[in-house]
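Engineer: This one is protein-v1.tsv, TSV, C-alpha atoms.
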```tsv
chain	number	residue	atom	x	y	z
A	1	MET	CA	29.40	40.28	-5.34
A	2	ARG	CA	26.23	38.47	-6.51
A	3	ILE	CA	25.40	37.50	-2.92
A	4	LEU	CA	25.81	41.13	-1.79
A	5	ILE	CA	23.47	42.35	-4.53
A	6	ILE	CA	20.80	39.78	-3.64
A	7	ALA	CA	21.12	40.65	0.05
A	8	ALA	CA	20.74	44.37	-0.71
A	9	ILE	CA	17.62	43.76	-2.81
A	10	PHE	CA	16.12	41.64	-0.04
A	11	ILE	CA	16.80	44.28	2.65
A	12	LEU	CA	15.35	47.06	0.49
A	13	SER	CA	12.25	44.93	-0.14
A	14	LEU	CA	11.45	44.33	3.53
A	15	PRO	CA	9.26	47.45	4.02
A	16	PHE	CA	7.13	46.43	1.04
A	17	LEU	CA	6.85	42.80	2.18
A	18	ASN	CA	5.76	43.89	5.65
A	19	ALA	CA	3.14	46.18	4.14
A	20	GLN	CA	1.37	43.29	2.36
A	21	THR	CA	-0.90	42.28	5.24
A	22	ILE	CA	-4.21	40.42	5.00
A	23	ASP	CA	-7.26	41.88	6.73
A	24	PHE	CA	-9.35	38.82	7.63
A	25	GLU	CA	-12.03	40.99	9.26
A	26	ASN	CA	-12.81	43.22	6.26
A	27	ASP	CA	-11.94	41.08	3.24
A	28	ARG	CA	-14.78	38.54	3.11
A	29	SER	CA	-13.26	36.54	0.24
A	30	ILE	CA	-10.17	35.90	2.41
A	31	ALA	CA	-12.01	35.50	5.72
A	32	ASN	CA	-13.88	32.46	4.40
A	33	LEU	CA	-10.71	30.81	3.06
A	34	PHE	CA	-8.54	28.49	5.12
A	35	ILE	CA	-5.18	26.91	4.27
A	36	LYS	CA	-3.43	23.94	5.86
A	37	MET	CA	-0.27	22.05	4.94
A	38	TYR	CA	1.53	18.83	5.76
A	39	GLY	CA	4.65	17.10	4.52
A	40	GLU	CA	7.14	14.26	5.05
A	41	ILE	CA	10.78	13.59	4.20
A	42	HIS	CA	12.14	10.06	4.77
A	43	TYR	CA	15.39	8.12	4.89
A	44	TYR	CA	15.31	4.32	4.52
A	45	GLN	CA	18.20	1.98	5.19
A	46	GLU	CA	18.01	-1.77	4.74
A	47	VAL	CA	20.45	-3.67	6.95
A	48	ASP	CA	22.12	-6.67	5.30
A	49	ASN	CA	25.25	-8.40	6.60
A	50	ASP	CA	26.04	-10.03	3.25
A	51	THR	CA	25.14	-7.43	0.62
A	52	TYR	CA	25.61	-3.69	0.17
A	53	ARG	CA	22.27	-1.90	0.46
A	54	PRO	CA	22.38	1.81	-0.37
A	55	GLY	CA	20.12	4.06	1.68
A	56	LYS	CA	17.23	5.85	0.05
A	57	LEU	CA	16.18	9.44	0.67
A	58	ASP	CA	12.78	10.62	-0.44
A	59	ALA	CA	10.95	13.93	-0.35
A	60	LYS	CA	7.86	11.81	0.20
A	61	ARG	CA	5.21	14.47	-0.09
A	62	VAL	CA	4.40	18.12	0.43
A	63	VAL	CA	0.68	18.86	0.52
A	64	ALA	CA	-1.48	21.98	0.63
A	65	LEU	CA	-5.16	21.98	1.60
A	66	PHE	CA	-7.44	24.85	0.65
A	67	GLY	CA	-11.01	25.30	1.80
A	68	TYR	CA	-13.66	27.91	1.19
A	69	GLN	CA	-16.79	28.41	3.27
A	70	PHE	CA	-19.52	29.88	1.03
A	71	ASN	CA	-21.95	30.08	3.94
A	72	ARG	CA	-22.89	28.08	7.05
A	73	ASN	CA	-24.19	25.21	4.91
A	74	THR	CA	-21.87	24.96	1.91
A	75	GLN	CA	-18.10	24.52	1.67
A	76	PHE	CA	-15.47	23.43	-0.83
A	77	LEU	CA	-12.23	21.62	0.03
A	78	THR	CA	-9.29	20.60	-2.13
A	79	GLU	CA	-5.93	18.97	-1.41
A	80	TRP	CA	-2.93	19.27	-3.76
A	81	GLU	CA	-0.01	16.91	-3.31
A	82	LEU	CA	3.53	16.97	-4.67
A	83	GLU	CA	5.04	13.49	-4.25
A	84	HIS	CA	8.70	12.44	-4.50
A	85	GLY	CA	9.66	15.92	-5.63
A	86	ASN	CA	8.17	15.61	-9.12
A	87	GLU	CA	4.66	14.09	-9.12
A	88	MET	CA	1.63	16.34	-8.72
A	89	PHE	CA	-1.79	14.93	-7.77
A	90	ILE	CA	-5.17	16.13	-6.52
A	91	GLU	CA	-6.16	14.06	-3.49
A	92	GLN	CA	-9.44	15.77	-2.66
A	93	ALA	CA	-11.73	18.25	-4.40
A	94	PHE	CA	-15.33	18.20	-3.23
A	95	ILE	CA	-18.35	20.29	-2.33
A	96	LYS	CA	-20.15	19.52	0.92
A	97	HIS	CA	-23.63	20.97	1.46
A	98	LYS	CA	-25.65	20.56	4.64
A	99	LEU	CA	-29.24	19.54	3.81
A	100	LYS	CA	-30.27	19.38	7.47
A	101	ASN	CA	-28.62	18.94	10.86
A	102	ASN	CA	-27.62	15.29	10.48
A	103	LEU	CA	-27.45	15.03	6.67
A	104	SER	CA	-25.00	16.56	4.18
A	105	LEU	CA	-24.52	16.02	0.45
A	106	LYS	CA	-20.92	15.50	-0.68
A	107	ALA	CA	-19.68	15.25	-4.28
A	108	GLY	CA	-16.37	15.41	-6.12
A	109	MET	CA	-12.99	13.77	-5.49
A	110	ILE	CA	-13.53	11.97	-2.18
A	111	LEU	CA	-11.23	10.01	0.13
A	112	ILE	CA	-12.54	6.46	0.58
A	113	PRO	CA	-13.44	6.02	4.28
A	114	MET	CA	-11.49	2.85	5.06
A	115	GLY	CA	-9.65	2.04	8.28
A	116	ASN	CA	-7.54	4.24	10.53
A	117	ILE	CA	-5.32	6.07	8.06
A	118	ASN	CA	-6.82	6.64	4.61
A	119	GLU	CA	-8.83	9.71	5.60
A	120	ASN	CA	-6.45	10.80	8.39
A	121	HIS	CA	-3.15	10.29	6.60
A	122	GLU	CA	-1.19	13.30	7.86
A	123	PRO	CA	2.20	12.25	9.36
A	124	THR	CA	1.21	13.36	12.85
A	125	ASN	CA	-1.60	10.77	12.83
A	126	PHE	CA	0.64	7.68	12.71
A	127	PHE	CA	3.69	6.85	14.81
A	128	SER	CA	6.00	5.15	12.28
A	129	VAL	CA	8.03	6.86	9.57
A	130	ASP	CA	5.86	5.29	6.87
A	131	ARG	CA	2.17	4.49	7.08
A	132	PRO	CA	1.42	0.99	8.40
A	133	ILE	CA	1.95	-1.76	5.82
A	134	ILE	CA	-1.75	-2.72	5.93
A	135	ASP	CA	-2.65	0.86	4.98
A	136	ARG	CA	-0.32	0.74	1.99
A	137	ASN	CA	-0.45	-2.77	0.54
A	138	LEU	CA	-4.01	-3.81	1.35
A	139	ILE	CA	-5.84	-0.52	1.76
A	140	PRO	CA	-4.17	1.46	-1.05
A	141	SER	CA	-3.75	4.73	0.85
A	142	THR	CA	-4.15	7.41	-0.18
A	143	TRP	CA	-7.24	5.95	-1.88
A	144	ARG	CA	-9.62	8.42	-3.48
A	145	ASP	CA	-12.34	8.32	-6.11
A	146	ILE	CA	-14.76	10.64	-7.86
A	147	GLY	CA	-18.23	10.15	-6.51
A	148	VAL	CA	-21.28	11.43	-4.67
A	149	GLY	CA	-22.86	10.53	-1.36
A	150	ILE	CA	-24.12	11.56	2.05
A	151	THR	CA	-22.50	12.13	5.43
A	152	GLY	CA	-23.78	13.02	8.83
A	153	VAL	CA	-23.66	12.67	12.60
A	154	PHE	CA	-26.25	11.41	15.08
A	155	PRO	CA	-25.00	12.98	18.35
A	156	SER	CA	-27.58	11.23	20.51
A	157	ALA	CA	-26.32	7.85	19.27
A	158	SER	CA	-22.66	8.95	19.09
A	159	LEU	CA	-22.52	7.81	15.45
A	160	LYS	CA	-20.93	9.32	12.37
A	161	TYR	CA	-21.82	7.88	8.96
A	162	GLN	CA	-20.66	8.16	5.35
A	163	ALA	CA	-22.06	6.47	2.21
A	164	TYR	CA	-20.94	7.08	-1.37
A	165	LEU	CA	-21.22	5.85	-4.93
A	166	VAL	CA	-17.78	6.18	-6.55
A	167	ASN	CA	-16.19	5.42	-9.91
A	168	GLY	CA	-14.11	2.60	-8.41
A	169	LEU	CA	-10.78	0.91	-9.11
A	170	ILE	CA	-9.47	-0.07	-12.52
A	171	GLY	CA	-7.97	-3.54	-12.96
A	172	TYR	CA	-7.05	-3.49	-16.65
A	173	LYS	CA	-5.75	-0.60	-18.73
A	174	GLY	CA	-3.73	-0.32	-21.93
A	175	GLY	CA	-3.55	-4.09	-22.30
A	176	GLU	CA	-2.09	-4.65	-18.81
A	177	GLY	CA	-3.44	-5.99	-15.53
A	178	LEU	CA	-3.07	-3.67	-12.55
A	179	PHE	CA	-3.96	-5.89	-9.55
A	180	GLN	CA	-1.32	-8.16	-8.00
A	181	ALA	CA	-0.65	-10.13	-4.85
A	182	SER	CA	2.10	-8.01	-3.30
A	183	ASN	CA	0.12	-4.76	-3.06
A	184	THR	CA	-3.39	-5.85	-4.07
A	185	PHE	CA	-5.23	-2.85	-5.57
A	186	ARG	CA	-2.58	-0.14	-5.29
A	187	GLY	CA	-1.93	-0.07	-9.03
A	188	GLY	CA	-5.66	0.25	-9.71
A	189	ARG	CA	-6.26	3.65	-8.09
A	190	GLN	CA	-7.55	5.96	-10.81
A	191	LYS	CA	-6.67	9.16	-8.89
A	192	GLY	CA	-9.15	11.20	-10.93
A	193	ILE	CA	-6.88	11.07	-13.98
A	194	LYS	CA	-9.23	10.56	-16.96
A	195	THR	CA	-10.97	7.84	-15.01
A	196	VAL	CA	-12.75	4.91	-16.64
A	197	LEU	CA	-16.22	3.77	-15.57
A	198	SER	CA	-17.01	0.63	-17.54
A	199	GLY	CA	-19.87	-0.65	-15.37
A	200	LEU	CA	-21.88	0.29	-12.33
A	201	PRO	CA	-20.37	2.56	-9.64
A	202	SER	CA	-18.84	1.02	-6.52
A	203	PHE	CA	-20.14	1.51	-2.97
A	204	SER	CA	-18.08	2.94	-0.14
A	205	GLY	CA	-19.30	3.54	3.39
A	206	GLN	CA	-18.34	3.82	7.04
A	207	LEU	CA	-19.89	3.92	10.50
A	208	GLU	CA	-17.90	5.32	13.46
A	209	TYR	CA	-18.89	5.20	17.11
A	210	PHE	CA	-17.48	7.85	19.46
A	211	GLY	CA	-19.60	7.30	22.57
A	212	LEU	CA	-16.71	6.02	24.70
A	213	SER	CA	-14.32	8.49	26.32
A	214	LYS	CA	-11.28	9.16	24.10
A	215	THR	CA	-12.11	6.07	22.05
A	216	LYS	CA	-13.28	5.66	18.46
A	217	LEU	CA	-14.54	2.46	16.82
A	218	GLY	CA	-15.20	2.12	13.12
A	219	LEU	CA	-16.58	-0.25	10.49
A	220	SER	CA	-15.78	0.45	6.82
A	221	ALA	CA	-16.97	-1.26	3.63
A	222	TYR	CA	-16.19	-1.09	-0.08
A	223	SER	CA	-17.82	-3.22	-2.77
A	224	GLY	CA	-17.90	-3.13	-6.54
A	225	MET	CA	-16.76	-4.41	-9.91
A	226	SER	CA	-13.39	-3.14	-11.13
A	227	ASN	CA	-13.29	-1.09	-14.29
A	228	SER	CA	-11.55	-2.03	-17.53
A	229	ASP	CA	-10.81	-0.23	-20.79
A	230	ALA	CA	-11.08	-3.55	-22.65
A	231	PHE	CA	-14.76	-2.70	-23.26
A	232	SER	CA	-13.94	0.59	-25.02
A	233	GLY	CA	-15.37	0.57	-28.55
A	234	LEU	CA	-16.41	-3.08	-28.26
A	235	PRO	CA	-19.57	-4.10	-30.23
A	236	LYS	CA	-22.14	-5.48	-27.80
A	237	ASP	CA	-23.09	-8.30	-30.17
A	238	ASN	CA	-19.49	-9.59	-30.41
A	239	SER	CA	-19.93	-12.33	-27.80
A	240	PRO	CA	-16.35	-13.76	-27.88
A	241	ALA	CA	-14.85	-10.28	-27.50
A	242	VAL	CA	-17.26	-9.39	-24.69
A	243	LEU	CA	-16.39	-12.67	-22.92
A	244	SER	CA	-12.69	-11.84	-23.23
A	245	ALA	CA	-13.28	-8.35	-21.83
A	246	ASP	CA	-15.29	-9.83	-18.95
A	247	SER	CA	-12.16	-11.68	-17.84
A	248	THR	CA	-10.41	-8.36	-17.17
A	249	VAL	CA	-12.70	-7.34	-14.30
A	250	VAL	CA	-12.87	-8.51	-10.69
A	251	TYR	CA	-15.67	-8.02	-8.16
A	252	SER	CA	-14.23	-7.16	-4.74
A	253	THR	CA	-15.60	-6.53	-1.27
A	254	MET	CA	-13.39	-5.06	1.44
A	255	LEU	CA	-14.33	-4.77	5.11
A	256	ALA	CA	-12.31	-3.07	7.84
A	257	LEU	CA	-12.65	-2.72	11.60
A	258	HIS	CA	-10.57	-0.09	13.38
A	259	ALA	CA	-10.21	1.16	16.93
A	260	ASN	CA	-8.30	4.02	18.59
A	261	SER	CA	-8.14	4.67	22.32
A	262	THR	CA	-6.14	7.08	24.49
A	263	ILE	CA	-5.87	6.58	28.25
A	264	GLY	CA	-3.59	9.07	29.94
A	265	LYS	CA	-0.17	8.69	28.33
A	266	ASN	CA	-1.12	5.44	26.61
A	267	VAL	CA	-2.40	5.08	23.06
A	268	LEU	CA	-3.78	1.81	21.68
A	269	ARG	CA	-4.72	1.30	18.03
A	270	ALA	CA	-5.88	-1.76	16.12
A	271	GLN	CA	-7.15	-2.59	12.67
A	272	LEU	CA	-8.47	-5.67	10.85
A	273	VAL	CA	-9.00	-5.70	7.07
A	274	TYR	CA	-10.46	-8.51	5.00
A	275	ASN	CA	-10.93	-8.41	1.24
A	276	ILE	CA	-12.53	-11.08	-0.90
A	277	ASN	CA	-12.50	-11.11	-4.69
A	278	GLY	CA	-15.19	-12.79	-6.77
A	279	GLU	CA	-15.06	-16.01	-8.73
A	280	ASN	CA	-13.51	-14.21	-11.73
A	281	VAL	CA	-10.02	-14.05	-10.17
A	282	GLU	CA	-8.58	-17.06	-11.96
A	283	ALA	CA	-9.91	-15.85	-15.32
A	284	TYR	CA	-8.42	-12.42	-14.56
A	285	ASN	CA	-5.01	-13.92	-13.73
A	286	ALA	CA	-5.06	-16.09	-16.85
A	287	LYS	CA	-5.95	-13.11	-19.05
A	288	THR	CA	-3.53	-10.61	-17.53
A	289	GLY	CA	-0.68	-12.80	-16.26
A	290	MET	CA	-1.10	-11.34	-12.77
A	291	ASP	CA	-1.15	-13.24	-9.46
A	292	LEU	CA	-4.07	-11.72	-7.55
A	293	GLY	CA	-5.35	-13.93	-4.75
A	294	LYS	CA	-9.00	-14.71	-4.08
A	295	SER	CA	-8.81	-12.90	-0.76
A	296	GLN	CA	-6.45	-10.93	1.44
A	297	LEU	CA	-6.28	-10.53	5.20
A	298	GLY	CA	-4.36	-7.92	7.15
A	299	ALA	CA	-4.29	-6.71	10.73
A	300	TYR	CA	-2.19	-4.78	13.21
A	301	ILE	CA	-2.18	-3.82	16.84
A	302	GLU	CA	-0.15	-0.87	18.07
A	303	TYR	CA	0.77	0.53	21.47
A	304	GLY	CA	2.33	3.92	22.10
A	305	ARG	CA	3.29	5.67	25.32
A	306	TYR	CA	4.33	9.25	26.01
A	307	PHE	CA	7.32	9.57	28.32
A	308	ASP	CA	6.57	13.10	29.58
A	309	GLU	CA	3.61	15.22	30.63
A	310	ALA	CA	4.08	17.60	27.69
A	311	GLN	CA	3.73	14.62	25.30
A	312	LYS	CA	6.86	15.50	23.37
A	313	TRP	CA	8.53	12.08	23.57
A	314	MET	CA	6.87	8.80	22.63
A	315	GLY	CA	7.87	5.19	22.12
A	316	PHE	CA	5.71	2.69	20.25
A	317	LEU	CA	5.43	-0.96	19.22
A	318	ARG	CA	3.39	-2.43	16.35
A	319	TYR	CA	2.76	-5.97	15.18
A	320	SER	CA	1.32	-6.40	11.67
A	321	TYR	CA	0.11	-9.47	9.82
A	322	PHE	CA	-0.57	-9.67	6.08
A	323	ASN	CA	-1.63	-12.62	3.95
A	324	GLU	CA	-1.81	-11.86	0.23
A	325	ASN	CA	-3.88	-14.92	-0.65
A	326	THR	CA	-5.87	-16.53	2.13
A	327	LEU	CA	-7.85	-18.53	-0.46
A	328	LYS	CA	-5.35	-20.05	-2.89
A	329	THR	CA	-5.58	-19.78	-6.67
A	330	ASP	CA	-3.66	-21.73	-9.29
A	331	ALA	CA	-1.66	-18.63	-10.15
A	332	LEU	CA	-0.70	-18.04	-6.54
A	333	ASN	CA	-0.20	-21.12	-4.40
A	334	ALA	CA	3.08	-20.62	-2.57
A	335	TRP	CA	2.59	-17.37	-0.62
A	336	GLU	CA	3.03	-17.60	3.12
A	337	ASP	CA	1.93	-15.37	5.96
A	338	HIS	CA	3.90	-12.14	6.32
A	339	HIS	CA	4.74	-10.68	9.72
A	340	TYR	CA	6.07	-7.22	10.52
A	341	PHE	CA	7.34	-5.99	13.85
A	342	THR	CA	7.92	-2.24	14.14
A	343	PHE	CA	9.20	-0.22	17.06
A	344	GLY	CA	10.44	3.35	17.28
A	345	PHE	CA	10.39	6.78	18.85
A	346	ASN	CA	8.84	10.16	18.10
A	347	TYR	CA	9.94	13.57	19.26
A	348	GLN	CA	7.45	16.42	18.91
A	349	PRO	CA	9.10	19.68	20.01
A	350	VAL	CA	5.95	21.65	19.18
A	351	ASN	CA	2.46	20.56	18.22
A	352	GLY	CA	2.49	19.70	14.51
A	353	ALA	CA	6.21	19.00	14.00
A	354	LEU	CA	7.66	15.50	14.42
A	355	PHE	CA	11.03	13.77	14.28
A	356	LYS	CA	10.68	10.00	13.79
A	357	ILE	CA	12.90	6.92	13.88
A	358	ASP	CA	11.88	3.27	13.70
A	359	ALA	CA	13.09	-0.23	12.95
A	360	VAL	CA	11.02	-2.69	10.91
A	361	PHE	CA	11.57	-6.45	11.01
A	362	ASN	CA	9.93	-8.25	8.09
A	363	ASP	CA	9.03	-11.95	8.45
A	364	PHE	CA	10.97	-12.19	11.69
A	365	ASP	CA	9.76	-15.77	12.24
A	366	SER	CA	11.59	-17.03	9.14
A	367	SER	CA	15.39	-16.70	9.14
A	368	ASP	CA	15.52	-17.32	5.38
A	369	GLU	CA	13.41	-14.22	4.65
A	370	ARG	CA	14.26	-12.01	7.60
A	371	ARG	CA	14.84	-8.36	6.66
A	372	LEU	CA	15.59	-5.31	8.78
A	373	PHE	CA	15.02	-1.67	7.88
A	374	ILE	CA	16.06	1.40	9.87
A	375	ASN	CA	14.00	4.45	8.91
A	376	THR	CA	14.05	8.07	9.96
A	377	GLY	CA	11.97	11.03	8.90
A	378	ILE	CA	10.35	14.33	9.68
A	379	GLY	CA	6.69	15.24	9.43
A	380	VAL	CA	4.71	18.45	9.76
A	381	TRP	CA	0.98	19.31	9.87
A	382	PHE	CA	-0.24	22.85	10.44
```
Output the file's structure in the form of structure tokens.
Structural biologist:
Amino acid sequence: MRILIIAAIFILSLPFLNAQTIDFENDRSIANLFIKMYGEIHYYQEVDNDTYRPGKLDAKRVVALFGYQFNRNTQFLTEWELEHGNEMFIEQAFIKHKLKNNLSLKAGMILIPMGNINENHEPTNFFSVDRPIIDRNLIPSTWRDIGVGITGVFPSASLKYQAYLVNGLIGYKGGEGLFQASNTFRGGRQKGIKTVLSGLPSFSGQLEYFGLSKTKLGLSAYSGMSNSDAFSGLPKDNSPAVLSADSTVVYSTMLALHANSTIGKNVLRAQLVYNINGENVEAYNAKTGMDLGKSQLGAYIEYGRYFDEAQKWMGFLRYSYFNENTLKTDALNAWEDHHYFTFGFNYQPVNGALFKIDAVFNDFDSSDERRLFINTGIGVWF
């Protein structure tokens, strides 16, 4: 009976629902507004001949983007993300104002321009179910900060540039260290949540070259001292306490090279990321009990090929390399190189909707540490 009542209410409501149309031509406040969405749902299954490994299902993220164009020169964009079914975050919220043809001012919550994925992290922009390991454990995607800077394009030189001052990562909060070897800076993203700025802002920038046909090359950089709440309320003349607080910060510089090229049905992508932390790493590890390395190196090369003219079916291969500590520290002296081999297939029945499946071999050159994951998922972007 309850179902019949609900159905009757829905049918009676249809004329009213159909009447609620939006007139984009006459309603200026709506005409200047745009909305986009993307989302992912994943299933992960580790394969183990000796141990039961339950599969994991995750409503990874559902995201809405809203933009408003005030006039030809000024716009606002924001991105709201619901992760894992219960975590709400703001990923972007900035004003961009064109000062002249090749120069715009940008301020607010900004995505750090770093590598292939961090800015272009929608699921239709990467082949695998999850983002590449380098873009998760070395570049902490999705990486964003509050800051201000400039952007622009020089069409005659085929160059796009971005340069920002941002609040930067936090390495120590609430008496705990947040940087570690396994995922580097991921725990130090402040995400705009009551962020701490205990020193000078960090620098973030990128140059991209698009002068080659269907090819993009990029160089990204990030440099700055991590933040720490150990300085909060600390008297400046208390030298021992200031020295102790100094051991909770790390100066880091990250550089990334990335390349994307499409030739007919073939897609080739590559990325190299190198991060080096300053001389304070050992003091940081001793103070916090963490195991951050002095530097990290990661890279991948990826090849994809469409099987049909409509580009609905694709197969891909990716090799990834990740070293958590290329320069050893006392706290971390036994880590070895990590290798990942990923292959899989995508099916895109319509533009913007994807079905994905892949297999990931972790450390396939070492039988003692070999692991296999089978992953499937769906992704949308519209």
Engineer: Got a sec: who's within 8 Å of segment 60-67 of chain A, counting only C-alpha atoms, leaving out chain neighbours fewer than 5 positions off, as a tab-separated table (two decimals) with C-alpha atoms, in the frame of the given file?
Structural biologist:
```tsv
chain	number	residue	atom	x	y	z
A	33	LEU	CA	-10.71	30.81	3.06
A	34	PHE	CA	-8.54	28.49	5.12
A	35	ILE	CA	-5.18	26.91	4.27
A	36	LYS	CA	-3.43	23.94	5.86
A	37	MET	CA	-0.27	22.05	4.94
A	38	TYR	CA	1.53	18.83	5.76
A	39	GLY	CA	4.65	17.10	4.52
A	40	GLU	CA	7.14	14.26	5.05
A	41	ILE	CA	10.78	13.59	4.20
A	42	HIS	CA	12.14	10.06	4.77
A	75	GLN	CA	-18.10	24.52	1.67
A	76	PHE	CA	-15.47	23.43	-0.83
A	77	LEU	CA	-12.23	21.62	0.03
A	78	THR	CA	-9.29	20.60	-2.13
A	79	GLU	CA	-5.93	18.97	-1.41
A	80	TRP	CA	-2.93	19.27	-3.76
A	81	GLU	CA	-0.01	16.91	-3.31
A	82	LEU	CA	3.53	16.97	-4.67
A	83	GLU	CA	5.04	13.49	-4.25
A	84	HIS	CA	8.70	12.44	-4.50
A	85	GLY	CA	9.66	15.92	-5.63
```
Engineer: What is the atom CA of Gln348 of chain A to atom CA of Asp130 of chain A distance in Å?
Structural biologist: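 The value is 16.5 Å.
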Engineer: Which of these residues is nearest to Gly304 of chain A, using only C-alpha atoms: A:Ala270, A:Leu292, A:Leu111, A:Leu165?
Structural biologist: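 Answer, going by the shortest atom-to-atom distance: A:Ala270.
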Engineer: What gap, in Å, lies between atom CA of Ala221 of chain A and atom CA of Gln206 of chain A?
Structural biologist: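 Separation of atom CA of Ala221 of chain A and atom CA of Gln206 of chain A: 6.3 Å.
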Engineer: As JSON, numbers by chain, please: the residues near segment 307-311 of chain A (cut-off 9 Å, all atoms listed in the file, same-chain neighbours under 3 positions excluded).
Structural biologist: {"A": [265, 314, 315, 347, 348]}
Engineer: Can I get the selection written as a CSV table (one decimal), in the frame of the given file, with C-alpha atoms?
Structural biologist:
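Wrote selection.csv, looks like this:
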```
chain,number,residue,atom,x,y,z
A,265,LYS,CA,-0.2,8.7,28.3
A,314,MET,CA,6.9,8.8,22.6
A,315,GLY,CA,7.9,5.2,22.1
A,347,TYR,CA,9.9,13.6,19.3
A,348,GLN,CA,7.4,16.4,18.9
```
Engineer: Counting all atoms listed in the file, what is within 12 Å of segment 152-155 of chain A, bar same-chain residues fewer than 6 positions away, as an NGL selection string?
Structural biologist: :A and (96-106 or 161-163 or 205-211)
Engineer: Please, what distance in Å, to one decimal, runs between atom CA of Pro140 of chain A and atom CA of Arg186 of chain A?
Structural biologist: 4.8 Å
Engineer: Write out as a PDB file with C-alpha atoms, keeping the file's coordinate frame the residues lying within 10 Å of Ala283 of chain A, counting only C-alpha atoms and excluding same-chain residues fewer than 5 positions away.
Structural biologist:
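Listing of result16.pdb after writing:
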```pdb
ATOM      1  CA  SER A 244     -12.690 -11.840 -23.230  1.00  0.00           C
ATOM      2  CA  ASP A 246     -15.290  -9.830 -18.950  1.00  0.00           C
ATOM      3  CA  SER A 247     -12.160 -11.680 -17.840  1.00  0.00           C
ATOM      4  CA  THR A 248     -10.410  -8.360 -17.170  1.00  0.00           C
ATOM      5  CA  VAL A 249     -12.700  -7.340 -14.300  1.00  0.00           C
ATOM      6  CA  VAL A 250     -12.870  -8.510 -10.690  1.00  0.00           C
ATOM      7  CA  THR A 288      -3.530 -10.610 -17.530  1.00  0.00           C
ATOM      8  CA  GLY A 289      -0.680 -12.800 -16.260  1.00  0.00           C
TER       9      GLY A 289
END
```
Engineer: With all atoms listed in the file as the atoms that count, which of A:Leu272, A:Leu169, A:Leu178, A:Leu200 lies nearest to Leu217 of chain A?
Structural biologist: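 Looking at the shortest contact to Leu217 of chain A, the residue is A:Leu272.
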Engineer: Quick one: residues within 10 Å of Phe127 of chain A, only C-alpha atoms, excluding same-chain residues fewer than 4 positions away - as a ChimeraX atom specification?
Structural biologist: /A:123,131-132,302-304,314-318,343-346,354,356-358
Engineer: Around segment 171-188 of chain A, with edges along x, y and z and 4 Å added on all six sides, what centre and edge lengths do you get, in Å to one decimal, as lines of an AutoDock Vina configuration file?
Structural biologist:
```
center_x = -2.9
center_y = -4.9
center_z = -12.7
size_x = 18.1
size_y = 18.4
size_z = 27.2
```
Engineer: Using all atoms listed in the file, which residue out of A:Ala157, A:Ala359, A:Leu243, A:Gly264 lies closest to Tyr306 of chain A?
Structural biologist: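 So, comparing all the options, the nearest one is A:Gly264.
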